[in-house]
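S.K.: Dropping the structure in here first, questions after.
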Amino acid sequence: MSGQPTDQRSPIEDRLRRSLEDESGVGKPLSRRARQTRRTVEAYLRAGGVPRYMERLRDIDAELSLHTYRLQRVYRALQAACRGDAEEFARRWRARASAWRLDRVNELIREHNMWYPIETRLPMDPRTGDYIRRGGRSYRRDEVGPAWILERFPSSLERPER
C-alpha cells in the first residue's frame, strides 16, 4: 500500500455527496433538513400548482358568471319581444328558465361537495359526524336550477337587480 488512507465510500455515495454540494460557488449549501426531507409523489403534487379544489371553485364561479351574462341577454331580448305583455313574458320566461341547461356547473358543484373536505383535509366533528365548518359556513354549495334563475331574473317585467 502507498500509505494513503483508502476511501471507504462507494462511487455512488461519493456522487451523492458531491451532488449535495454547490460547486459553482454561488449561494449556500442546502440545509440538513432540506437534504434529509423525503421526496414523495404526494408532497410533489401538493407543492406544485394550484390545488384542484381552488381550480374547481374558480370554474364554478366562471360558469355561474357566464350563465348570468347569457341569461341577462336572453331576459332582455324576451322583454323586448313581449312588448309589455306581462303574462306572456312570465309564461315564456318560466319555460325558458325550466329548459336552461345547468348540467356542467351542477356537476362541478357535486364534485366540489364530494371532494373539498378531503382535498383540504377538513377535520371532522365527532359529535355530528360531519366536517367542521370554516368561518362558520358550510363548504357545501347548492346546485342551481330554475329557482336560481328566477331569483336573479324574476318572471315579472321589472328590471333584474343583476
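Chain identifiers are assigned as A, B, and so on, following the order in which chains appear in the C-alpha cells; residues are numbered from 1 within each chain, and ligands are numbered from 1 in order of appearance.
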With a distance cut-off of 10 Å and only C-alpha atoms, select the neighbouring residues of Gln72 of chain A, excluding the residue or stretch itself and same-chain residues fewer than 4 positions from it, and output the selection as a list in words.
M.R.: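 Everything that qualifies: Leu66, His67, Thr68, Arg76, Ala77, Leu78, Ile149, Arg152, Phe153, Pro160 and Arg162 of chain A.
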S.K.: Keeping C-alpha atoms for every residue in the selection just given, could you write it to a file as a PDB file, in the first residue's frame?
M.R.:
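Just written: again10.pdb:
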ATOM      1  CA  LEU A  66     -71.206  33.051 -17.869  1.00  0.00           C
ATOM      2  CA  HIS A  67     -74.739  31.746 -17.245  1.00  0.00           C
ATOM      3  CA  THR A  68     -75.690  35.040 -15.597  1.00  0.00           C
ATOM      4  CA  ARG A  76     -83.744  41.436 -22.097  1.00  0.00           C
ATOM      5  CA  ALA A  77     -84.441  40.052 -25.567  1.00  0.00           C
ATOM      6  CA  LEU A  78     -87.574  38.323 -24.290  1.00  0.00           C
ATOM      7  CA  ILE A 149     -82.536  31.704 -12.427  1.00  0.00           C
ATOM      8  CA  ARG A 152     -81.906  36.561 -10.229  1.00  0.00           C
ATOM      9  CA  PHE A 153     -84.237  37.287 -13.140  1.00  0.00           C
ATOM     10  CA  PRO A 160     -83.490  42.405 -12.526  1.00  0.00           C
ATOM     11  CA  ARG A 162     -78.037  41.990 -11.583  1.00  0.00           C
TER      12      ARG A 162
END
S.K.: Go through A:Arg104, A:Arg18, A:Arg52, A:Arg94 and flag the residue nearest Glu151 of chain A, using only C-alpha atoms for the distances.
M.R.: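 Ranked by minimum distance to Glu151 of chain A, first place goes to A:Arg94.
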S.K.: For Arg58 of chain A, which residue among A:His112, A:Arg38, A:Arg121, A:Arg133 is the nearest when counting only C-alpha atoms?
M.R.: A:His112
S.K.: Quick check, in Å to one decimal: how far apart do atom CA of Thr120 of chain A and atom CA of Glu107 of chain A lie?
M.R.: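 According to the coordinates, atom CA of Thr120 of chain A and atom CA of Glu107 of chain A are separated by 19.4 Å.
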S.K.: If you count only C-alpha atoms, which residues fall within 7 Å of segment 143-145 of chain A, apart from same-chain ones fewer than 6 positions away, as a PyMOL selection string?
M.R.: chain A and resi 102+106+109
S.K.: Quick one: DSSP strand (DSSP E) residues in segment 4-150 of chain A, as a PyMOL selection string?
M.R.: chain A and resi 124-125+130-131
S.K.: Can you list every residue in segment 34-147 of chain A that DSSP puts in alpha helix (DSSP H), as a PyMOL selection string?
M.R.: chain A and resi 34-36+41-47+52-82+86-99+103-119+146-147
S.K.: In Å to one decimal, how far is atom CA of Leu57 of chain A from atom CA of Arg140 of chain A?
M.R.: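 These two atoms are separated by 11.2 Å.
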S.K.: Record the distance separating atom CA of Ala95 of chain A and atom CA of Leu150 of chain A, expressed in Å with one decimal.
M.R.: 10.8 Å
S.K.: Can you list, as number ranges by chain, every protein, DNA or RNA residue that comes within 8 Å of Tyr131 of chain A when you count only C-alpha atoms, leaving out same-chain residues fewer than 3 positions away?
M.R.: A: 117, 122-125
S.K.: Can you work out which one of A:Arg32, A:Pro146, A:Leu64, A:Glu119 has the shortest atom-to-atom distance to Val50 of chain A, counting only C-alpha atoms?
M.R.: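 Of all the options, A:Glu119 lies closest to Val50 of chain A.
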S.K.: I'd like the neighbourhood of Tyr75 of chain A as a list in words, where a residue qualifies if any of its atoms comes within 10 Å (using only C-alpha atoms), though same-chain residues fewer than 6 positions away should be ignored.
M.R.: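 Here the qualifying residues turn out to be Tyr69, Ala81, Phe89, Trp93, Arg96, Ala97, Phe153, Pro154, Ser155, Leu157, Arg159 and Pro160 of chain A.
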S.K.: For the selection you just gave me, I'd like the residues written to a file as a tab-separated table (two decimals), in the first residue's frame, keeping C-alpha atoms.
M.R.:
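Produced file out17.tsv, reproduced below:
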chain	number	residue	atom	x	y	z
A	69	TYR	CA	-74.39	37.00	-18.59
A	81	ALA	CA	-90.17	40.58	-27.76
A	89	PHE	CA	-93.41	37.32	-20.67
A	93	TRP	CA	-89.59	33.23	-19.15
A	96	ARG	CA	-87.10	29.27	-20.65
A	97	ALA	CA	-85.74	29.05	-17.09
A	153	PHE	CA	-84.24	37.29	-13.14
A	154	PRO	CA	-87.86	37.34	-11.96
A	155	SER	CA	-90.71	36.42	-14.28
A	157	LEU	CA	-91.46	42.67	-16.20
A	159	ARG	CA	-85.73	45.05	-14.15
A	160	PRO	CA	-83.49	42.41	-12.53
